[in-house]
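The structure file protein_29.cif is reproduced below (mmCIF, C-alpha atoms).
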data_data
loop_
_atom_site.label_atom_id
_atom_site.label_comp_id
_atom_site.auth_asym_id
_atom_site.auth_seq_id
_atom_site.Cartn_x
_atom_site.Cartn_y
_atom_site.Cartn_z
CA VAL G 22 -120.93 -28.87 51.51
CA MET G 23 -118.65 -31.73 52.64
CA ALA G 24 -115.87 -29.28 53.46
CA LEU G 25 -118.23 -27.34 55.74
CA TYR G 26 -119.29 -30.51 57.53
CA TYR G 27 -115.79 -31.32 58.87
CA PRO G 28 -115.29 -28.36 61.28
CA ALA G 29 -118.61 -28.97 63.02
CA ALA G 30 -118.07 -32.74 63.20
CA ALA G 31 -114.53 -32.32 64.49
CA LEU G 32 -115.60 -29.95 67.25
CA GLY G 33 -118.42 -32.25 68.25
CA SER G 34 -116.11 -35.24 68.52
CA LYS G 35 -113.63 -33.51 70.82
CA PRO G 36 -115.65 -32.10 73.71
CA ASP G 37 -112.85 -32.55 76.25
CA LEU G 38 -110.28 -30.38 74.47
CA PRO G 39 -108.08 -29.08 75.92
CA ASN G 40 -107.41 -32.18 78.00
CA GLY G 41 -104.19 -31.19 79.71
CA PRO G 42 -101.75 -28.35 79.98
CA VAL G 43 -102.07 -25.72 77.31
CA GLY G 44 -98.98 -23.86 76.21
CA LEU G 45 -95.78 -24.13 74.28
CA ASP G 46 -93.97 -26.55 76.62
CA GLY G 47 -94.13 -29.90 74.82
CA LEU G 48 -93.08 -31.76 77.96
CA ALA G 49 -95.58 -30.22 80.38
CA HIS G 50 -97.78 -33.31 80.18
CA LEU G 51 -94.96 -35.34 81.77
CA ALA G 52 -95.29 -33.38 84.99
CA ILE G 53 -98.76 -34.86 85.43
CA GLY G 54 -98.17 -38.57 84.95
CA ASN G 55 -94.50 -39.14 84.31
CA SER G 56 -92.48 -36.80 86.50
CA ASP G 57 -89.68 -39.38 86.80
CA GLU G 58 -89.05 -39.17 83.06
CA LEU G 59 -89.25 -35.40 83.13
CA GLU G 60 -86.68 -35.31 85.94
CA ALA G 61 -84.38 -37.60 83.92
CA ILE G 62 -84.73 -35.45 80.81
CA GLU G 63 -83.93 -32.31 82.81
CA PHE G 64 -80.85 -34.05 84.25
CA LEU G 65 -79.61 -34.87 80.74
CA ARG G 66 -80.31 -31.35 79.49
CA GLU G 67 -78.16 -29.94 82.29
CA SER G 68 -75.42 -32.58 82.43
CA ALA G 69 -74.87 -34.17 79.03
CA GLY G 70 -73.43 -32.57 75.95
CA LYS G 71 -75.61 -32.34 72.85
CA ASP G 72 -73.08 -34.51 71.01
CA SER G 73 -73.22 -37.23 73.65
CA GLY G 74 -75.08 -40.17 72.15
CA ILE G 75 -77.87 -41.77 74.15
CA LEU G 76 -79.45 -45.18 73.87
CA GLU G 77 -83.19 -45.52 74.38
CA ALA G 78 -85.88 -47.94 73.24
CA VAL G 79 -86.90 -48.03 69.58
CA GLY G 80 -90.61 -47.87 68.74
CA GLY G 81 -93.42 -46.84 66.49
CA SER G 82 -94.08 -43.49 64.90
CA TYR G 83 -96.11 -40.89 66.79
CA SER G 84 -95.51 -42.73 70.05
CA GLU G 85 -93.67 -42.08 73.29
CA PHE G 86 -90.55 -43.70 71.82
CA GLY G 87 -87.67 -41.38 70.98
CA ARG G 88 -88.88 -38.88 73.57
CA VAL G 89 -85.59 -38.58 75.45
CA SER G 90 -83.54 -37.91 72.35
CA SER G 91 -86.04 -35.43 70.95
CA ALA G 92 -86.40 -33.61 74.28
CA THR G 93 -82.66 -33.31 74.90
CA GLY G 94 -81.32 -32.91 71.38
CA MET G 95 -78.96 -35.83 71.99
CA PRO G 96 -78.46 -38.21 69.07
CA THR G 97 -79.74 -41.76 69.50
CA VAL G 98 -79.12 -44.96 67.58
CA LEU G 99 -82.67 -45.12 66.22
CA GLY G 100 -85.96 -43.67 67.34
CA TRP G 101 -88.86 -44.21 64.93
CA PRO G 102 -87.84 -46.58 62.09
CA GLY G 103 -90.91 -45.70 60.03
CA HIS G 104 -89.95 -42.03 59.97
CA GLU G 105 -86.36 -42.84 59.10
CA LEU G 106 -87.61 -44.87 56.15
CA GLN G 107 -89.96 -42.08 55.11
CA TRP G 108 -87.28 -39.40 55.16
CA ARG G 109 -84.40 -41.44 53.80
CA GLY G 110 -86.36 -43.36 51.17
CA SER G 111 -84.57 -46.58 52.09
CA SER G 112 -83.90 -48.63 55.19
CA GLU G 113 -80.29 -49.17 54.14
CA PRO G 114 -78.82 -46.30 56.22
CA PHE G 115 -80.24 -47.75 59.46
CA GLU G 116 -80.33 -51.47 58.71
CA GLY G 117 -79.48 -53.53 61.77
CA ARG G 118 -79.78 -50.67 64.22
CA GLN G 119 -83.07 -51.79 65.75
CA GLU G 120 -81.67 -55.27 66.28
CA ASP G 121 -78.47 -53.83 67.77
CA VAL G 122 -80.45 -51.71 70.25
CA GLN G 123 -82.41 -54.79 71.24
CA LEU G 124 -79.19 -56.76 71.68
CA ILE G 125 -77.62 -54.03 73.82
CA TYR G 126 -80.57 -54.04 76.21
CA GLU G 127 -81.30 -57.78 76.21
CA SER G 128 -77.84 -59.34 76.16
CA THR G 129 -76.34 -60.39 79.48
CA ASP G 130 -72.85 -60.17 77.96
CA PHE G 131 -71.46 -56.74 78.80
CA GLU G 132 -68.69 -57.04 76.16
CA ILE G 133 -71.28 -57.29 73.39
CA ALA G 134 -73.11 -54.27 74.78
CA LYS G 135 -69.91 -52.27 75.23
CA ASN G 136 -68.78 -52.97 71.65
CA LEU G 137 -72.14 -51.98 70.19
CA LEU G 138 -72.29 -48.79 72.27
CA GLY G 139 -68.85 -47.93 70.87
CA LYS G 140 -69.99 -48.70 67.32
CA TYR G 141 -72.71 -46.06 67.63
CA ASP G 142 -70.74 -43.61 69.77
CA VAL G 143 -73.21 -43.90 72.66
CA GLU G 144 -72.14 -42.39 75.96
CA TYR G 145 -75.40 -42.68 77.95
CA VAL G 146 -77.88 -45.54 78.36
CA TYR G 147 -81.41 -44.67 79.43
CA VAL G 148 -83.39 -47.35 81.28
CA GLY G 149 -86.96 -46.41 82.04
CA PRO G 150 -90.36 -48.10 81.92
CA ARG G 151 -90.39 -48.13 78.07
CA GLU G 152 -87.06 -49.93 77.93
CA ARG G 153 -88.07 -52.48 80.57
CA ARG G 154 -91.42 -53.06 78.87
CA THR G 155 -89.84 -53.40 75.42
CA TYR G 156 -86.70 -55.41 76.21
CA GLY G 157 -87.34 -56.97 79.61
CA THR G 158 -85.07 -56.74 82.63
CA ASP G 159 -82.71 -59.72 82.24
CA GLY G 160 -79.94 -57.73 80.52
CA ILE G 161 -80.21 -54.48 82.46
CA SER G 162 -77.90 -55.42 85.35
CA LYS G 163 -74.89 -55.71 83.04
CA PHE G 164 -74.71 -51.92 82.73
CA GLU G 165 -73.61 -51.76 86.38
CA LYS G 166 -70.51 -53.79 85.42
CA PHE G 167 -68.99 -51.34 82.96
CA MET G 168 -70.89 -48.08 83.27
CA VAL G 169 -71.45 -45.50 85.98
CA ARG G 170 -74.93 -44.82 87.30
CA VAL G 171 -75.21 -41.04 86.97
CA PHE G 172 -78.93 -40.65 87.61
CA SER G 173 -81.71 -42.63 89.21
CA ASN G 174 -85.16 -42.12 90.63
CA ASP G 175 -88.11 -44.45 91.23
CA THR G 176 -88.48 -45.57 87.58
CA VAL G 177 -85.52 -44.27 85.55
CA VAL G 178 -81.81 -45.07 85.67
CA ILE G 179 -79.23 -43.41 83.43
CA TYR G 180 -75.79 -44.94 82.96
CA ARG G 181 -72.71 -43.29 81.46
CA LEU G 182 -69.62 -44.86 80.04
CA PRO G 183 -66.57 -43.85 82.04
CA VAL G 184 -64.32 -41.40 80.21
CA SER G 185 -61.58 -44.04 79.91
CA VAL G 186 -64.01 -46.39 78.12
CA SER G 187 -65.88 -43.92 75.94
CA GLY G 188 -62.97 -41.63 75.19
CA ALA G 189 -65.37 -38.71 75.60
CA GLY G 190 -64.62 -35.68 77.69
CA SER G 191 -66.91 -34.46 80.43
#

Let me see whether you can do it: turn the structure in this file into structure tokens.
Amino acid sequence: VMALYYPAAALGSKPDLPNGPVGLDGLAHLAIGNSDELEAIEFLRESAGKDSGILEAVGGSYSEFGRVSSATGMPTVLGWPGHELQWRGSSEPFEGRQEDVQLIYESTDFEIAKNLLGKYDVEYVYVGPRERRTYGTDGISKFEKFMVRVFSNDTVVIYRLPVSVSGAGS
């Protein structure tokens, strides 16, 4: 009897479904309220190699964090620590990464940021509303000192290490 109750209760609690685009495009919802991020993701899909590392904000599971990496297939330093712990069984493989990402974004010393980006083989740095909200804006200007702005719109800026600094090809 309890098993039969759930389907009716679930349907009754979700009268607004579907509440957005319906289809197989997992990013379609960005076109409605976050077209700047969608435009940035499309730029990376077209311009960056899949092996080019990208830095983006670290955050909680089942959240908007890690979206750029997951949408582009580009590796990132760390996306959802809780999931990493769940799948790896230990935090040892990613210990210190969340703090390093925070330091890269927050530090005003571009040498510290450059060294940490090299440590993780990061070629691109993504700065959008999530990054500004999570890490503030004090350290963001340092990227202009040693990276090239390759994309920008109203809310998102993407920086790339020059080939001579990153050692990566184009």

Write out as an NGL selection string which residues come within 8 Å of region 114-127 of chain G when counting all atoms listed in the file, dropping same-chain ones fewer than 2 positions away. :G and (76-79 or 98-99 or 102 or 105 or 109 or 111-112 or 129 or 133-134 or 137-138 or 152 or 156-161)

Residues matched by the PyMOL selection byres ((chain G and resi 44-61) around 12), written as a short mmCIF file (atom, residue, chain, number, x, y, z; two decimals) with C-alpha atoms, in the frame of the given file:
data_model
loop_
_atom_site.label_atom_id
_atom_site.label_comp_id
_atom_site.auth_asym_id
_atom_site.auth_seq_id
_atom_site.Cartn_x
_atom_site.Cartn_y
_atom_site.Cartn_z
CA PRO G 39 -108.08 -29.08 75.92
CA ASN G 40 -107.41 -32.18 78.00
CA GLY G 41 -104.19 -31.19 79.71
CA PRO G 42 -101.75 -28.35 79.98
CA VAL G 43 -102.07 -25.72 77.31
CA ILE G 62 -84.73 -35.45 80.81
CA GLU G 63 -83.93 -32.31 82.81
CA PHE G 64 -80.85 -34.05 84.25
CA LEU G 65 -79.61 -34.87 80.74
CA ARG G 66 -80.31 -31.35 79.49
CA GLU G 67 -78.16 -29.94 82.29
CA SER G 68 -75.42 -32.58 82.43
CA ALA G 69 -74.87 -34.17 79.03
CA GLU G 85 -93.67 -42.08 73.29
CA ARG G 88 -88.88 -38.88 73.57
CA VAL G 89 -85.59 -38.58 75.45
CA SER G 90 -83.54 -37.91 72.35
CA SER G 91 -86.04 -35.43 70.95
CA ALA G 92 -86.40 -33.61 74.28
CA THR G 93 -82.66 -33.31 74.90
CA TYR G 145 -75.40 -42.68 77.95
CA VAL G 146 -77.88 -45.54 78.36
CA TYR G 147 -81.41 -44.67 79.43
CA VAL G 148 -83.39 -47.35 81.28
CA GLY G 149 -86.96 -46.41 82.04
CA PRO G 150 -90.36 -48.10 81.92
CA ARG G 151 -90.39 -48.13 78.07
CA VAL G 171 -75.21 -41.04 86.97
CA PHE G 172 -78.93 -40.65 87.61
CA SER G 173 -81.71 -42.63 89.21
CA ASN G 174 -85.16 -42.12 90.63
CA ASP G 175 -88.11 -44.45 91.23
CA THR G 176 -88.48 -45.57 87.58
CA VAL G 177 -85.52 -44.27 85.55
CA VAL G 178 -81.81 -45.07 85.67
CA ILE G 179 -79.23 -43.41 83.43
CA TYR G 180 -75.79 -44.94 82.96
#

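Distance check against Thr155 (chain G) using all atoms listed in the file: of G:Gly94, G:Gly80, G:Gly103, G:Gly110, the minimum falls on G:Gly80.
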
So that I can check the surroundings of Ser73 (chain G), please list as a VMD selection string every protein, DNA and RNA residue that reaches within 7 Å of it, counting all atoms listed in the file and ignoring chain neighbours fewer than 6 positions away. chain G and resid 95 143 to 144

Please produce a file of the residues just selected, as a PDB file, in the coordinates of the input, where the atoms kept are C-alpha atoms.
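selection.pdb, freshly written:
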ATOM      1  CA  MET G  95     -78.960 -35.830  71.990  1.00  0.00           C
ATOM      2  CA  VAL G 143     -73.210 -43.900  72.660  1.00  0.00           C
ATOM      3  CA  GLU G 144     -72.140 -42.390  75.960  1.00  0.00           C
TER       4      GLU G 144
END

Within 9 Å of Trp101 (chain G), counting only C-alpha atoms, which residues qualify if same-chain residues fewer than 5 places away don't, as number ranges by chain? G: 79-84, 86-87, 106

Residues selected by the PyMOL selection byres ((chain G and resi 167) around 10), written as a PDB file with C-alpha atoms, in the frame of the given file:
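And here's expr17.pdb as it stands now:
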ATOM      1  CA  PHE G 131     -71.460 -56.740  78.800  1.00  0.00           C
ATOM      2  CA  GLU G 132     -68.690 -57.040  76.160  1.00  0.00           C
ATOM      3  CA  ALA G 134     -73.110 -54.270  74.780  1.00  0.00           C
ATOM      4  CA  LYS G 135     -69.910 -52.270  75.230  1.00  0.00           C
ATOM      5  CA  LYS G 163     -74.890 -55.710  83.040  1.00  0.00           C
ATOM      6  CA  PHE G 164     -74.710 -51.920  82.730  1.00  0.00           C
ATOM      7  CA  GLU G 165     -73.610 -51.760  86.380  1.00  0.00           C
ATOM      8  CA  LYS G 166     -70.510 -53.790  85.420  1.00  0.00           C
ATOM      9  CA  MET G 168     -70.890 -48.080  83.270  1.00  0.00           C
ATOM     10  CA  VAL G 169     -71.450 -45.500  85.980  1.00  0.00           C
ATOM     11  CA  ARG G 170     -74.930 -44.820  87.300  1.00  0.00           C
ATOM     12  CA  TYR G 180     -75.790 -44.940  82.960  1.00  0.00           C
ATOM     13  CA  ARG G 181     -72.710 -43.290  81.460  1.00  0.00           C
ATOM     14  CA  LEU G 182     -69.620 -44.860  80.040  1.00  0.00           C
ATOM     15  CA  PRO G 183     -66.570 -43.850  82.040  1.00  0.00           C
ATOM     16  CA  VAL G 186     -64.010 -46.390  78.120  1.00  0.00           C
TER      17      VAL G 186
END

Check the smallest atom-to-atom distance from each of G:Thr97, G:Val184, G:Ser162, G:Asp72 to Asp130 (chain G) using only C-alpha atoms, then report the winner.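 Among the listed residues, the smallest separation from Asp130 (chain G) belongs to G:Ser162.
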
Kindly give the distance, in Å, that separates CA of Asn136 (chain G) and CA of His104 (chain G), rounded to a single decimal.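 These atoms are spaced 26.5 Å apart.
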
Straight-line distance linking CA of Lys140 (chain G) with CA of Glu113 (chain G), stated in Å to one decimal: 16.7 Å

Take CA of Gly100 (chain G) and CA of Gly74 (chain G) and report the distance between them in Å, one decimal.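 One can read the CA of Gly100 (chain G) to CA of Gly74 (chain G) distance as 12.4 Å.
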